[in-house]
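> I'm passing along input31.txt; it holds compact mmCIF, C-alpha atoms and all ligand atoms.
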```
# COMPACT_ATOMS: atom_id res chain seq x y z
CA MET L 1121 -20.55 9.45 -0.15
CA LYS L 1122 -24.10 10.72 0.29
CA VAL L 1123 -24.98 13.96 -1.41
CA THR L 1124 -28.14 16.03 -1.35
CA ILE L 1125 -28.86 18.36 -4.21
CA LYS L 1126 -31.29 21.24 -3.87
CA ALA L 1127 -32.71 22.89 -6.95
CA ILE L 1128 -33.57 26.54 -6.39
CA ILE L 1129 -35.89 28.53 -8.61
CA VAL L 1130 -34.69 32.11 -8.84
CA ASN L 1131 -36.18 35.20 -10.46
CA GLU L 1132 -34.05 36.05 -13.42
CA GLN L 1133 -34.66 39.78 -13.06
CA THR L 1134 -32.82 39.81 -9.83
CA ASN L 1135 -30.20 37.36 -10.83
CA ASN L 1136 -28.20 37.36 -13.99
CA HIS L 1137 -26.74 33.95 -13.55
CA SER L 1138 -29.67 32.74 -15.58
CA LYS L 1139 -29.95 29.30 -17.05
CA LYS L 1140 -26.79 28.34 -15.52
CA LEU L 1141 -26.42 25.12 -13.77
CA TYR L 1142 -23.56 25.43 -11.51
CA LEU L 1143 -22.17 23.16 -8.99
CA LYS L 1144 -20.30 24.34 -6.01
CA LYS L 1145 -18.49 21.09 -5.65
CA ASN L 1146 -17.28 18.54 -8.10
CA LEU L 1147 -19.74 15.98 -9.33
CA ASP L 1148 -17.66 12.92 -8.76
CA CYS L 1149 -20.30 11.98 -6.27
CA LYS L 1150 -23.66 10.33 -6.68
CA LEU L 1151 -26.70 12.55 -6.65
CA THR L 1152 -29.13 11.00 -4.26
CA SER L 1153 -31.97 13.46 -3.94
CA TYR L 1154 -33.41 16.44 -5.66
CA GLU L 1155 -35.65 19.00 -4.10
CA LYS L 1156 -37.45 22.10 -5.32
CA LEU L 1157 -37.08 24.84 -2.77
CA ASN L 1158 -39.90 26.94 -4.12
CA PRO L 1159 -42.71 24.61 -5.12
CA ASN L 1160 -45.33 27.45 -4.96
CA ILE L 1161 -44.17 29.10 -8.16
CA LYS L 1162 -46.60 27.88 -10.81
CA PRO L 1163 -45.51 27.65 -14.45
CA LYS L 1164 -47.95 30.53 -15.36
CA THR L 1165 -46.56 32.95 -12.85
CA MET L 1166 -43.16 32.13 -14.11
CA LYS L 1167 -43.98 33.62 -17.50
CA ASN L 1168 -41.70 36.62 -17.04
CA LEU L 1169 -39.30 34.74 -15.07
CA LEU L 1170 -36.52 32.73 -16.20
CA ILE L 1171 -35.95 29.73 -14.16
CA LEU L 1172 -32.58 29.56 -12.81
CA LEU L 1173 -31.59 26.29 -11.55
CA SER L 1174 -28.84 26.43 -9.06
CA LEU L 1175 -27.64 23.23 -7.73
CA ILE L 1176 -26.11 23.47 -4.38
CA LEU L 1177 -24.51 20.45 -2.99
CA PHE L 1178 -24.82 19.64 0.60
CA ILE L 1179 -22.27 16.97 1.05
CA ASP L 1180 -22.86 15.01 4.20
CA THR L 1181 -19.31 13.92 4.67
CA CYS L 1182 -17.42 16.74 2.94
CA TYR L 1183 -14.80 14.36 1.64
CA ALA L 1184 -14.21 12.49 -1.53
CA ASP L 1185 -13.15 8.93 -0.89
CA GLU L 1186 -9.85 8.15 -2.43
CA LYS L 1187 -8.59 5.22 -4.45
CA LEU L 1188 -4.93 4.61 -3.72
CA PRO L 1189 -2.41 3.98 -6.49
CA ALA L 1190 -1.68 0.30 -6.99
CA PRO L 1191 0.96 -0.88 -4.55
CA SER L 1192 4.38 -1.11 -6.16
CA GLN L 1193 5.30 -4.70 -5.47
CA LYS L 1194 8.96 -4.42 -6.31
CA ARG L 1195 10.71 -2.05 -3.97
CA GLY L 1196 12.76 -2.13 -0.85
CA THR L 1197 15.78 -4.06 0.25
CA ASP L 1198 15.89 -7.80 0.76
CA ILE L 1199 14.38 -9.09 3.99
CA MET L 1200 17.67 -9.66 5.85
CA THR L 1201 18.86 -6.12 5.11
CA ALA L 1202 15.48 -4.80 6.28
CA LEU L 1203 15.74 -6.78 9.50
CA GLN L 1204 19.25 -5.42 9.99
CA ALA L 1205 18.00 -1.86 9.45
CA ARG L 1206 14.84 -2.08 11.58
CA ARG L 1207 14.84 0.26 14.54
CA SER L 1208 12.50 2.68 16.28
CA ILE L 1209 12.78 6.20 14.89
CA ARG L 1210 10.86 8.96 16.66
CA THR L 1211 11.64 12.13 14.73
CA TYR L 1212 10.48 12.77 11.18
CA SER L 1213 10.62 15.31 8.41
CA GLU L 1214 7.45 17.44 8.24
CA ARG L 1215 6.81 16.13 4.73
CA ILE L 1216 3.78 13.89 4.56
CA LEU L 1217 4.06 10.50 2.85
CA SER L 1218 3.51 10.52 -0.89
CA LYS L 1219 0.38 8.72 -2.07
CA GLN L 1220 2.53 5.92 -3.46
CA ASP L 1221 4.35 5.46 -0.15
CA LEU L 1222 1.05 5.50 1.73
CA SER L 1223 -0.40 2.98 -0.70
CA ASP L 1224 2.63 0.72 -0.32
CA VAL L 1225 2.83 0.87 3.46
CA LEU L 1226 -0.89 0.16 3.83
CA TRP L 1227 -0.61 -2.79 1.50
CA ALA L 1228 2.43 -4.04 3.40
CA ALA L 1229 0.55 -3.59 6.66
CA GLN L 1230 -2.66 -5.29 5.73
CA GLY L 1231 -3.18 -5.46 1.98
CA VAL L 1232 -4.94 -8.29 0.20
CA ASN L 1233 -2.15 -10.50 -1.18
CA ARG L 1234 -4.36 -13.42 -2.23
CA PRO L 1235 -7.45 -11.90 -3.79
CA GLU L 1236 -8.95 -15.28 -4.63
CA GLU L 1237 -9.13 -16.05 -0.89
CA GLY L 1238 -9.38 -12.48 0.39
CA LYS L 1239 -6.34 -13.07 2.59
CA LEU L 1240 -3.88 -10.49 3.79
CA THR L 1241 -0.18 -9.67 4.08
CA SER L 1242 -0.59 -9.88 7.88
CA PRO L 1243 -2.06 -13.01 9.45
CA THR L 1244 -4.89 -12.72 11.98
CA ALA L 1245 -6.09 -15.28 14.52
CA ARG L 1246 -8.71 -17.50 12.87
CA ASN L 1247 -8.45 -15.16 9.88
CA ARG L 1248 -10.85 -12.76 11.62
CA GLN L 1249 -9.24 -9.73 9.94
CA GLU L 1250 -10.53 -7.59 12.78
CA ILE L 1251 -7.80 -4.94 12.74
CA ILE L 1252 -8.83 -1.65 11.15
CA ILE L 1253 -6.18 0.88 10.18
CA TYR L 1254 -7.03 4.54 10.53
CA VAL L 1255 -4.78 7.18 8.96
CA PHE L 1256 -4.41 10.40 10.95
CA THR L 1257 -2.83 13.47 9.33
CA LYS L 1258 -2.94 17.22 9.88
CA LYS L 1259 -5.85 17.40 7.44
CA GLY L 1260 -8.06 14.64 8.75
CA ILE L 1261 -8.72 10.99 9.35
CA SER L 1262 -9.41 8.20 6.91
CA LYS L 1263 -9.87 4.48 7.14
CA TYR L 1264 -8.05 1.89 5.06
CA ASP L 1265 -10.43 -0.21 3.00
CA LYS L 1266 -8.21 -3.22 2.35
CA THR L 1267 -10.64 -4.95 0.00
CA ASN L 1268 -10.64 -2.03 -2.41
CA HIS L 1269 -7.18 -0.77 -1.48
CA SER L 1270 -8.59 2.70 -0.93
CA LEU L 1271 -9.13 5.27 1.77
CA ILE L 1272 -12.51 6.13 3.18
CA ASP L 1273 -12.62 9.61 4.62
CA ILE L 1274 -13.88 9.72 8.17
CA ARG L 1275 -13.55 13.32 9.30
CA LYS L 1276 -11.70 16.54 8.70
CA GLY L 1277 -9.36 18.08 11.25
CA ASP L 1278 -6.10 17.57 13.04
CA TYR L 1279 -6.52 14.94 15.76
CA ARG L 1280 -2.90 13.80 15.93
CA GLU L 1281 -2.62 15.06 19.50
CA ALA L 1282 -4.98 12.33 20.68
CA VAL L 1283 -2.76 9.71 19.02
CA ALA L 1284 0.39 11.29 20.48
CA GLY L 1285 -1.18 10.99 23.95
CA ASN L 1286 1.17 12.01 26.72
CA GLN L 1287 4.20 11.69 24.42
CA LYS L 1288 3.62 15.19 23.11
CA ARG L 1289 6.66 15.16 20.83
CA PHE L 1290 4.71 12.90 18.48
CA ALA L 1291 1.87 15.39 17.94
CA THR L 1292 3.68 16.80 14.90
CA ALA L 1293 4.42 13.45 13.28
CA PRO L 1294 3.13 13.90 9.72
CA LEU L 1295 1.05 10.73 9.65
CA PHE L 1296 -0.08 8.00 12.01
CA LEU L 1297 -1.38 4.55 11.23
CA VAL L 1298 -3.64 3.55 14.10
CA MET L 1299 -4.59 -0.09 14.63
CA ILE L 1300 -8.01 -0.63 16.14
CA ALA L 1301 -9.61 -4.04 16.64
CA SER L 1302 -13.29 -4.64 16.13
CA THR L 1303 -14.19 -7.11 18.87
CA THR L 1304 -17.50 -7.71 17.10
CA GLN L 1305 -15.64 -8.74 13.97
CA PHE L 1306 -13.43 -10.98 16.09
CA GLY L 1307 -16.46 -12.63 17.66
CA ASN L 1308 -15.91 -12.12 21.37
CA LYS L 1309 -14.13 -10.11 24.02
CA SER L 1310 -12.74 -12.85 26.26
CA ALA L 1311 -9.26 -12.43 27.73
CA HIS L 1312 -7.94 -14.87 25.13
CA ALA L 1313 -9.66 -12.98 22.30
CA LEU L 1314 -8.17 -9.69 23.52
CA GLU L 1315 -4.72 -11.29 23.53
CA MET L 1316 -5.21 -12.53 19.98
CA MET L 1317 -6.33 -9.08 18.82
CA ALA L 1318 -3.28 -7.49 20.44
CA ALA L 1319 -1.08 -10.06 18.70
CA ASP L 1320 -2.78 -9.34 15.36
CA ALA L 1321 -2.24 -5.60 15.76
CA GLY L 1322 1.40 -6.26 16.67
CA ILE L 1323 1.89 -8.18 13.44
CA VAL L 1324 0.39 -5.35 11.39
CA SER L 1325 2.70 -2.97 13.19
CA GLU L 1326 5.73 -5.13 12.49
CA ASN L 1327 4.84 -5.30 8.80
CA ILE L 1328 4.89 -1.50 8.88
CA ASN L 1329 8.24 -1.55 10.70
CA LEU L 1330 9.80 -3.88 8.16
CA PHE L 1331 8.38 -2.00 5.20
CA ALA L 1332 9.83 1.23 6.64
CA ALA L 1333 13.21 -0.39 7.26
CA ALA L 1334 13.31 -1.75 3.73
CA THR L 1335 12.38 1.54 2.08
CA GLY L 1336 14.16 4.17 4.15
CA LEU L 1337 11.06 5.41 5.95
CA CYS L 1338 10.99 6.08 9.69
CA THR L 1339 8.54 4.63 12.17
CA VAL L 1340 8.06 3.23 15.65
CA THR L 1341 5.49 0.89 17.16
CA ARG L 1342 3.60 2.79 19.87
CA GLY L 1343 1.24 1.61 22.54
CA ILE L 1344 0.78 5.04 24.03
CA MET L 1345 -2.14 7.15 22.84
CA ASP L 1346 -5.24 8.67 24.39
CA LYS L 1347 -7.31 5.62 23.51
CA LYS L 1348 -10.60 6.91 24.89
CA LYS L 1349 -10.24 10.15 22.98
CA VAL L 1350 -9.23 8.37 19.78
CA LEU L 1351 -12.33 6.14 19.95
CA SER L 1352 -14.56 9.10 20.67
CA ILE L 1353 -13.07 11.12 17.78
CA LEU L 1354 -13.78 8.16 15.52
CA ASN L 1355 -17.27 7.76 16.96
CA LEU L 1356 -16.51 4.18 17.93
CA ASP L 1357 -18.05 2.50 20.96
CA ASP L 1358 -16.34 0.18 23.43
CA SER L 1359 -16.71 -2.79 21.13
CA PHE L 1360 -13.60 -1.35 19.47
CA ASN L 1361 -10.19 -1.73 21.00
CA CYS L 1362 -7.53 0.85 20.28
CA ILE L 1363 -4.27 -1.13 20.36
CA LEU L 1364 -1.21 0.35 18.66
CA ASN L 1365 -0.12 3.15 16.37
CA ASN L 1366 2.83 3.77 14.07
CA PRO L 1367 3.78 7.34 13.23
CA ILE L 1368 5.53 7.13 9.87
CA GLY L 1369 7.46 9.59 7.78
CA TYR L 1370 10.69 10.49 6.03
CA PRO L 1371 14.00 11.00 7.85
CA ALA L 1372 14.14 14.29 9.79
CA GLN L 1373 17.34 15.41 8.09
CA GLU L 1374 16.40 14.83 4.46
C1 LIG P 1401 4.13 -3.19 21.84
C2 LIG P 1401 5.08 -2.02 21.80
C3 LIG P 1401 4.69 -0.79 22.28
C4 LIG P 1401 5.56 0.30 22.22
N1 LIG P 1401 5.12 1.54 22.63
C5 LIG P 1401 5.91 2.61 22.48
C6 LIG P 1401 5.42 3.91 22.78
O1 LIG P 1401 4.27 4.09 23.17
N2 LIG P 1401 6.23 4.94 22.57
C7 LIG P 1401 7.51 4.80 22.11
O2 LIG P 1401 8.20 5.81 21.94
N3 LIG P 1401 8.01 3.58 21.78
C8 LIG P 1401 7.22 2.48 21.95
N4 LIG P 1401 7.69 1.25 21.60
C9 LIG P 1401 9.02 1.10 21.01
C10 LIG P 1401 10.02 0.48 21.97
O3 LIG P 1401 10.34 1.39 22.97
C11 LIG P 1401 11.24 0.04 21.19
O4 LIG P 1401 10.85 -0.96 20.27
C12 LIG P 1401 12.33 -0.48 22.10
O5 LIG P 1401 12.86 0.56 22.85
C13 LIG P 1401 13.44 -1.16 21.33
O6 LIG P 1401 14.02 -0.28 20.38
P1 LIG P 1401 14.11 -0.68 18.83
O7 LIG P 1401 12.70 -0.78 18.32
O8 LIG P 1401 14.86 0.43 18.18
O9 LIG P 1401 14.79 -1.99 18.75
C14 LIG P 1401 6.85 0.14 21.67
C15 LIG P 1401 7.24 -1.11 21.17
C16 LIG P 1401 6.37 -2.18 21.23
C17 LIG P 1401 6.80 -3.49 20.64
```
Output the file's structure in the form of structure tokens.


Amino acid sequence: MKVTIKAIIVNEQTNNHSKKLYLKKNLDCKLTSYEKLNPNIKPKTMKNLLILLSLILFIDTCYADEKLPAPSQKRGTDIMTALQARRSIRTYSERILSKQDLSDVLWAAQGVNRPEEGKLTSPTARNRQEIIIYVFTKKGISKYDKTNHSLIDIRKGDYREAVAGNQKRFATAPLFLVMIASTTQFGNKSAHALEMMAADAGIVSENINLFAAATGLCTVTRGIMDKKKVLSILNLDDSFNCILNNPIGYPAQE
């Protein structure tokens, strides 16, 4: 996260917050620049002044990136029970996934399961690892950073309607996982490459389906969404291919 700090020199007589360094936002972020707003005040003329240093943060992105809790590796039913339970569920409780559930489903979808090789829970053609998962909620959008098992905040705001597309009933799903392929990361955009990327996204989606079935969560693989709008909201050009999404949540009647 990039942060700009501005130091303001204020006349103490008109401001009794003297000698106070205060920060409007938390300082979990790196301070990257420091600027005096009033460089014309010379030390002499400041004799009767007390210098008040106010630090105001102008945070470019507004969001703190978020480390997810470690995925809990021992949960869920056995695989055959999960396969038996798997089905498409299209209505959800309003409750948003807990951080632990989000951590676990993201790891199931595309987590690093062999750190020494950097390989993932979901296979990709030629190990291109070109599928990016974006998380859409009422509050905003973030991107799954599989290497660090964390979320990178992308933007604030409720953009779930774009993911719902013309299936409006989904616009209130508490959380979507959206699978987008980077054709640049894959290496080319040939018909075969596009097929491989669609297959890779399908596998990620099925990992999500099986995780949900094994843990009592509700989800459905969806191809429908306003893909153009989603890419534009994410500021992604046409080298990115919006493929599938999975709304995911708790049972509606919990
Ligand atoms: C590639 C793919 C795309 C799908 N797209 C949608 C969709 O946009 N909206 C939807 O409600 N269901 C979608 N589905 C879910 C199917 O309708 C569902 O899997 C099918 O009806 C079988 O039901 P089941 O999953 O409960 O076995 C999609 C499934 C797949 C595999």

> Between L:Ala1284, L:Ala1332, L:Ile1368, L:Leu1217, single out the one closest to ligand LIG 1401 (chain P), counting all atoms listed in the file.

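Nearest candidate to ligand LIG 1401 (chain P) out of L:Ala1284, L:Ala1332, L:Ile1368, L:Leu1217: L:Ala1284.
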
> Show me which residues are within 9 Å of ligand LIG 1401 (chain P) counting all atoms listed in the file, and format the list as a PyMOL selection string.

chain L and resi 1206-1210+1284-1285+1287+1290+1318+1322+1325-1326+1329+1340-1345+1363-1365

> Determine the nearest neighbour of Ala1293 (chain L) from the options L:Ile1328, L:Met1316, L:Leu1188, L:Val1255, counting all atoms listed in the file.

L:Val1255

> Using only C-alpha atoms, pick whichever of L:Ala1228, L:Val1298, L:Ile1253, L:Leu1330 has the shortest atom-to-atom distance to Pro1367 (chain L).

L:Val1298

> Rounded to one decimal, what separation in Å do you get between CA of Asn1247 (chain L) and CA of Met1317 (chain L)?

11.0 Å

> Using CA of Leu1354 (chain L) and CA of Lys1309 (chain L) as the two end points, give the distance in Å to one decimal.

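Interatomic distance, CA of Leu1354 (chain L) to CA of Lys1309 (chain L): 20.2 Å.
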
> Taking into account all atoms listed in the file, which residue in the set L:Thr1339, L:Arg1248, L:Asn1355, L:Ala1333 is nearest to Gly1196 (chain L)?

L:Ala1333

> Could you state the separation of CA of Leu1271 (chain L) and CA of Glu1237 (chain L) in Å, given to one decimal place?

21.5 Å

> Could you check the closest approach to Ile1353 (chain L) for each of L:Gln1249, L:Gln1305, L:Ser1262, L:Asn1268 and tell me which residue wins, using only C-alpha atoms?

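Going through L:Gln1249, L:Gln1305, L:Ser1262, L:Asn1268 one by one, the smallest distance to Ile1353 (chain L) is for L:Ser1262.
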
> Give me the residues within 10 Å of Thr1197 (chain L) as a PDB file with C-alpha atoms, keeping the file's coordinate frame, counting only C-alpha atoms and dropping any in the same chain fewer than 6 places off.


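Here's the written file part.pdb:
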```
ATOM      1  CA  LEU L1203      15.740  -6.780   9.500  1.00  0.00           C
ATOM      2  CA  ALA L1205      18.000  -1.860   9.450  1.00  0.00           C
ATOM      3  CA  LEU L1330       9.800  -3.880   8.160  1.00  0.00           C
ATOM      4  CA  PHE L1331       8.380  -2.000   5.200  1.00  0.00           C
ATOM      5  CA  ALA L1333      13.210  -0.390   7.260  1.00  0.00           C
ATOM      6  CA  ALA L1334      13.310  -1.750   3.730  1.00  0.00           C
ATOM      7  CA  THR L1335      12.380   1.540   2.080  1.00  0.00           C
ATOM      8  CA  GLY L1336      14.160   4.170   4.150  1.00  0.00           C
TER       9      GLY L1336
END
```

> Hey, can you pull every residue with an atom no more than 7 Å from (-6.1, -2.4, 4.2), using all atoms listed in the file, and send it as a VMD selection string?

chain L and resid 1226 to 1227 1230 to 1231 1253 1264 to 1267 1269

> Could you check which of L:Ser1192, L:Thr1304, L:Thr1201, L:Thr1244 is closest to Asp1357 (chain L), using only C-alpha atoms?

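The answer is L:Thr1304, which sits nearest to Asp1357 (chain L).
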
> Taking all atoms of region 1319-1335 of chain L that the file lists and extending 4 Å past them on each side, where is the centre of the axis-aligned box and how long are its edges? Answer in Å to one decimal, as JSON.


```
{"center_x": 5.3, "center_y": -4.3, "center_z": 10.4, "size_x": 24.1, "size_y": 19.6, "size_z": 24.6}
```

> Give me the residues near Asp1278 (chain L) as a VMD selection string, where near means some atom within 7 Å (using all atoms listed in the file) and where sequence neighbours in that chain fewer than 2 positions away do not count.

chain L and resid 1257 to 1260 1280

> Could those selected residues go to a file with C-alpha atoms, as a PDB file, keeping the file's coordinate frame?


```pdb
ATOM      1  CA  THR L1257      -2.830  13.470   9.330  1.00  0.00           C
ATOM      2  CA  LYS L1258      -2.940  17.220   9.880  1.00  0.00           C
ATOM      3  CA  LYS L1259      -5.850  17.400   7.440  1.00  0.00           C
ATOM      4  CA  GLY L1260      -8.060  14.640   8.750  1.00  0.00           C
ATOM      5  CA  ARG L1280      -2.900  13.800  15.930  1.00  0.00           C
TER       6      ARG L1280
END
```

> Pick out the residues sitting within 8 Å of Ile1251 (chain L), and hand them over as a ChimeraX atom specification; count only C-alpha atoms, and ignore anything fewer than 4 positions along from it in its own chain.

/L:1299-1302,1317,1320-1321

> Please identify all polymer residues within 6 Å of Tyr1212 (chain L), counting all atoms listed in the file, omitting same-chain residues fewer than 6 positions from it, and present them as a PyMOL selection string.

chain L and resi 1369-1372

> Write out N, CA and C atoms for region 1267-1279 of chain L, as a CSV table (one decimal), in the frame of the given file.


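Final output, rebuild-v3.csv:
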```
chain,number,residue,atom,x,y,z
L,1267,THR,N,-10.0,-4.2,1.1
L,1267,THR,CA,-10.6,-5.0,0.0
L,1267,THR,C,-10.5,-4.2,-1.3
L,1268,ASN,N,-10.7,-2.9,-1.2
L,1268,ASN,CA,-10.6,-2.0,-2.4
L,1268,ASN,C,-9.3,-1.2,-2.5
L,1269,HIS,N,-8.4,-1.5,-1.6
L,1269,HIS,CA,-7.2,-0.8,-1.5
L,1269,HIS,C,-7.4,0.7,-1.7
L,1270,SER,N,-8.3,1.3,-0.8
L,1270,SER,CA,-8.6,2.7,-0.9
L,1270,SER,C,-8.8,3.3,0.5
L,1271,LEU,N,-8.9,4.6,0.5
L,1271,LEU,CA,-9.1,5.3,1.8
L,1271,LEU,C,-10.6,5.8,1.8
L,1272,ILE,N,-11.2,5.6,3.0
L,1272,ILE,CA,-12.5,6.1,3.2
L,1272,ILE,C,-12.4,7.3,4.2
L,1273,ASP,N,-12.8,8.5,3.7
L,1273,ASP,CA,-12.6,9.6,4.6
L,1273,ASP,C,-13.6,9.5,5.8
L,1274,ILE,N,-13.1,9.8,7.0
L,1274,ILE,CA,-13.9,9.7,8.2
L,1274,ILE,C,-14.2,11.1,8.7
L,1275,ARG,N,-13.2,11.9,8.9
L,1275,ARG,CA,-13.6,13.3,9.3
L,1275,ARG,C,-12.4,14.2,9.1
L,1276,LYS,N,-12.7,15.5,8.9
L,1276,LYS,CA,-11.7,16.5,8.7
L,1276,LYS,C,-11.1,17.0,10.0
L,1277,GLY,N,-9.9,17.5,10.0
L,1277,GLY,CA,-9.4,18.1,11.2
L,1277,GLY,C,-8.1,17.4,11.7
L,1278,ASP,N,-7.4,18.1,12.5
L,1278,ASP,CA,-6.1,17.6,13.0
L,1278,ASP,C,-6.3,17.0,14.4
L,1279,TYR,N,-6.3,15.7,14.5
L,1279,TYR,CA,-6.5,14.9,15.8
L,1279,TYR,C,-5.3,14.2,16.2
```
